[in-house]
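S.K.: So that you have it, the file is upload34.cif, and it contains mmCIF, C-alpha atoms:
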data_input
#
loop_
_atom_site.label_atom_id
_atom_site.label_comp_id
_atom_site.auth_asym_id
_atom_site.auth_seq_id
_atom_site.Cartn_x
_atom_site.Cartn_y
_atom_site.Cartn_z
CA MET A 605 31.07 -24.84 16.72
CA THR A 606 34.39 -23.37 17.65
CA PRO A 607 37.35 -24.04 15.33
CA THR A 608 38.65 -26.65 17.80
CA GLN A 609 35.25 -28.38 17.84
CA VAL A 610 35.08 -28.32 14.03
CA GLU A 611 38.50 -29.99 13.91
CA LEU A 612 37.49 -32.61 16.48
CA TYR A 613 34.22 -33.40 14.69
CA ALA A 614 36.07 -33.78 11.39
CA LYS A 615 38.52 -36.22 13.02
CA ILE A 616 35.65 -38.24 14.49
CA GLN A 617 33.82 -38.33 11.15
CA LYS A 618 36.98 -39.44 9.36
CA PHE A 619 37.54 -42.29 11.84
CA LYS A 620 36.67 -45.64 10.23
CA LEU A 621 35.11 -48.39 12.32
CA ASP A 622 35.26 -50.87 9.44
CA SER A 623 38.67 -52.14 8.39
CA LEU A 624 39.16 -53.25 4.79
CA ASP A 625 41.11 -56.34 5.87
CA ASP A 626 38.40 -57.60 8.26
CA ARG A 627 36.63 -60.74 7.10
CA ARG A 628 33.58 -59.64 9.07
CA SER A 629 33.52 -55.90 9.51
CA PHE A 630 32.41 -53.95 12.56
CA SER A 631 29.21 -52.79 10.87
CA ALA A 632 28.38 -56.27 9.54
CA LYS A 633 28.77 -57.79 13.00
CA LEU A 634 26.74 -54.99 14.56
CA ALA A 635 23.93 -55.41 12.02
CA TRP A 636 23.91 -59.17 12.55
CA GLU A 637 23.90 -58.83 16.36
CA TYR A 638 20.81 -56.61 16.43
CA GLN A 639 19.18 -57.68 13.14
CA TRP A 640 19.47 -54.14 11.76
CA SER A 641 19.48 -53.31 8.07
CA GLN A 642 22.76 -52.11 6.58
CA ILE A 643 21.35 -48.58 6.17
CA TYR A 644 20.06 -48.43 9.75
CA THR A 645 23.42 -49.72 11.02
CA LEU A 646 25.33 -47.03 9.13
CA ARG A 647 22.94 -44.38 10.46
CA ALA A 648 23.40 -45.70 14.01
CA ILE A 649 27.18 -45.49 13.60
CA GLN A 650 26.89 -41.88 12.42
CA GLU A 651 24.78 -41.06 15.49
CA TYR A 652 27.39 -42.79 17.68
CA LYS A 653 30.02 -40.48 16.20
CA LYS A 654 27.84 -37.47 17.07
CA PHE A 655 27.54 -38.86 20.59
CA LEU A 656 31.35 -39.14 20.79
CA PHE A 657 31.60 -35.47 19.84
CA LEU A 658 29.08 -34.52 22.53
CA ALA A 659 30.95 -36.61 25.11
CA MET A 660 34.11 -34.63 24.37
CA THR A 661 32.54 -31.16 24.25
CA ALA A 662 29.58 -31.06 26.66
CA ASP A 663 30.03 -29.50 30.06
CA HIS A 664 28.11 -32.37 31.64
CA ILE A 665 28.04 -36.16 31.51
CA VAL A 666 26.28 -37.34 28.35
CA SER A 667 23.91 -40.27 28.17
CA PRO A 668 23.42 -42.25 24.93
CA SER A 669 20.18 -43.51 23.47
CA VAL A 670 19.59 -47.26 23.57
CA VAL A 671 20.71 -47.62 19.94
CA VAL A 672 23.83 -45.48 20.38
CA ASP A 673 24.66 -47.38 23.56
CA ARG A 674 24.51 -50.65 21.62
CA VAL A 675 26.98 -49.30 19.06
CA TRP A 676 29.22 -48.10 21.89
CA HIS A 677 29.11 -51.49 23.65
CA HIS A 678 29.95 -53.20 20.37
CA HIS A 679 32.85 -50.83 19.72
CA LEU A 680 34.27 -51.53 23.18
CA LEU A 681 34.71 -55.16 22.09
CA PHE A 682 37.06 -53.99 19.34
CA THR A 683 39.65 -53.00 21.93
CA HIS A 684 42.44 -51.92 19.58
CA SER A 685 40.06 -49.78 17.52
CA TYR A 686 38.41 -48.27 20.59
CA TRP A 687 41.31 -47.66 22.97
CA ASP A 688 44.31 -47.25 20.68
CA GLU A 689 42.79 -45.68 17.58
CA LEU A 690 39.69 -43.78 18.75
CA CYS A 691 40.64 -42.74 22.29
CA GLY A 692 44.40 -42.61 21.73
CA LYS A 693 44.58 -40.89 18.35
CA VAL A 694 41.23 -39.26 17.58
CA LEU A 695 39.88 -38.12 20.95
CA ASP A 696 43.32 -37.81 22.56
CA ARG A 697 41.93 -39.04 25.87
CA PRO A 698 40.07 -42.04 27.27
CA LEU A 699 36.29 -42.23 27.17
CA HIS A 700 35.09 -44.74 29.74
CA HIS A 701 31.69 -46.36 29.69
CA THR A 702 30.34 -46.45 33.24
CA LEU A 703 27.45 -48.54 34.44
CA GLY A 704 24.82 -47.33 36.86
CA PHE A 705 23.80 -49.08 40.04
CA GLY A 706 20.05 -48.88 39.43
CA GLY A 707 17.40 -47.54 41.74
CA LYS A 708 15.11 -44.53 41.72
CA ASP A 709 17.82 -41.89 42.25
CA GLU A 710 19.97 -43.34 39.47
CA ALA A 711 16.98 -43.44 37.11
CA LEU A 712 16.16 -39.77 37.78
CA LYS A 713 19.81 -38.78 37.30
CA ASN A 714 20.00 -40.68 33.99
CA TYR A 715 16.71 -39.17 32.82
CA HIS A 716 18.08 -35.68 33.48
CA LEU A 717 21.43 -36.45 31.79
CA TYR A 718 19.64 -37.85 28.74
CA GLU A 719 17.55 -34.67 28.48
CA LEU A 720 20.74 -32.58 28.68
CA THR A 721 22.33 -34.76 26.02
CA LEU A 722 19.36 -34.23 23.68
CA GLU A 723 19.57 -30.46 24.28
CA ALA A 724 23.29 -30.48 23.40
CA TYR A 725 22.53 -32.62 20.33
CA CYS A 726 19.95 -30.08 19.13
CA GLN A 727 22.41 -27.23 19.66
CA TYR A 728 25.01 -28.81 17.36
CA PHE A 729 23.07 -31.07 14.99
CA GLY A 730 19.40 -30.06 15.02
CA THR A 731 16.56 -32.44 15.78
CA PRO A 732 17.76 -36.00 16.46
CA PRO A 733 16.18 -38.86 14.48
CA ASN A 734 13.42 -40.45 16.57
CA ASP A 735 14.24 -43.99 15.51
CA ILE A 736 17.71 -43.69 17.05
CA TRP A 737 17.28 -41.01 19.75
CA GLU A 738 13.99 -41.84 21.45
CA THR A 739 12.30 -39.35 23.76
CA PRO A 740 13.55 -39.58 27.34
CA PRO A 741 12.12 -42.78 28.83
CA MET A 742 10.02 -42.61 31.97
CA ARG A 743 10.83 -46.21 32.85
CA SER A 744 13.54 -48.70 32.06
CA GLN A 745 14.01 -49.24 28.34
CA TYR A 746 12.98 -52.64 27.09
CA PRO A 747 12.61 -54.40 30.47
CA SER A 748 11.74 -57.64 28.67
CA TYR A 749 14.88 -57.59 26.51
CA GLN A 750 16.71 -60.93 26.69
CA TRP A 751 19.64 -62.56 24.93
CA ILE A 752 18.22 -65.52 23.03
CA ASP A 753 19.96 -68.37 21.24
CA ARG A 754 18.34 -68.06 17.80
CA ASP A 755 19.54 -71.52 16.82
CA ARG A 756 17.66 -73.07 19.72
CA TYR A 757 14.49 -70.95 19.83
CA TRP A 758 12.07 -69.46 17.32
CA ILE A 759 11.32 -65.79 17.65
CA ILE A 760 7.83 -64.77 16.65
CA SER A 761 6.87 -61.10 16.52
CA ASN A 762 4.15 -60.02 18.92
CA PRO A 763 1.45 -58.31 16.79
CA LEU A 764 0.07 -56.45 19.83
CA TYR A 765 3.44 -54.71 20.24
CA TRP A 766 3.26 -53.32 16.70
CA LEU A 767 -0.39 -52.31 17.04
CA LYS A 768 0.34 -50.49 20.29
CA ARG A 769 3.35 -48.76 18.71
CA ASN A 770 1.33 -47.61 15.68
CA PHE A 771 -1.68 -46.50 17.71
CA ARG A 772 0.59 -44.43 19.96
CA GLY A 773 1.53 -42.38 16.87
CA ILE A 774 -2.13 -41.89 15.97
CA ILE A 775 -3.10 -40.96 19.53
CA SER A 776 -0.24 -38.44 19.87
CA GLY A 777 -1.30 -36.75 16.63
CA LYS A 778 1.64 -37.93 14.53
CA SER A 779 0.63 -39.10 11.10
CA ILE A 780 1.67 -42.57 10.04
CA GLN A 781 2.66 -43.06 6.43
CA HIS A 782 1.25 -46.11 4.66
CA SER A 783 2.19 -47.18 1.17
CA ASN A 784 -0.32 -48.88 -1.10
#
Starting from the file, give its structure as structure tokens.
M.R.:
Amino acid sequence: MTPTQVELYAKIQKFKLDSLDDRRSFSAKLAWEYQWSQIYTLRAIQEYKKFLFLAMTADHIVSPSVVVDRVWHHHLLFTHSYWDELCGKVLDRPLHHTLGFGGKDEALKNYHLYELTLEAYCQYFGTPPNDIWETPPMRSQYPSYQWIDRDRYWIISNPLYWLKRNFRGIISGKSIQHSN
């Protein structure tokens, strides 16, 4: 990193998303929204901060992982924190979240941008954690994802999903740790 980049990264790392006077903090709301553990939520926030750094320093458009994008979307709802504090005081410029229009060309463009983002990540931070920065998707991420009213409906885990996910690790040669 250049001295300017080191200074920027330090400012981003110092930036607090949780306010001490909030009754329900940013991270608590984020964890509740996606049913993440507190540790996973804090890790996702740290990866979001790395993404912010990449967005400010890369010579191309950066594309977040699904998890980082969820943190970003959530942060956008905290308008004062996002626009006034982060963009206005830390980044010193706006960082807009743009939506794609879908279609084959858009998917190929996003695939390429995500690959470039992962390359930039590796250059600055080493290998990204797989549980937050998945490999570039060949198709739309989570096409069956839906907002569900958890007070009205029961959500039951699909055991075939977990079997398929675990067997993919075995098939690809990755070892799976089991505790006894």
S.K.: Let me make sure I understand: among A:Ala614, A:Val675, A:Leu680, A:Ala635, which one has the smallest atom-to-atom distance to Phe657 of chain A if we use only C-alpha atoms?
M.R.: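 Selected residue with least distance to Phe657 of chain A: A:Ala614.
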S.K.: What separation in Å, quoted to one decimal, exists between atom CA of Tyr686 of chain A and atom CA of Ser623 of chain A?
M.R.: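 Rounded to one decimal, the two atoms are 12.8 Å apart.
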S.K.: Running the PyMOL selection byres ((chain A and resi 654) around 12) on this model by hand, what would come out? Give it as a PyMOL selection string.
M.R.: chain A and resi 609+612-617+647-653+655-662+666+668-669+672+676+721-722+724-730+732+736-737
S.K.: For atom CA of Arg756 of chain A and atom CA of Val670 of chain A, quote the distance in Å rounded to one decimal.
M.R.: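 We find that atom CA of Arg756 of chain A and atom CA of Val670 of chain A lie 26.2 Å from each other.
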S.K.: Once the PyMOL selection byres ((chain A and resi 700) around 10) is applied to the coordinates I shared, what remains selected? I want it as a ChimeraX atom specification.
M.R.: /A:680,687,691,697-699,701-703
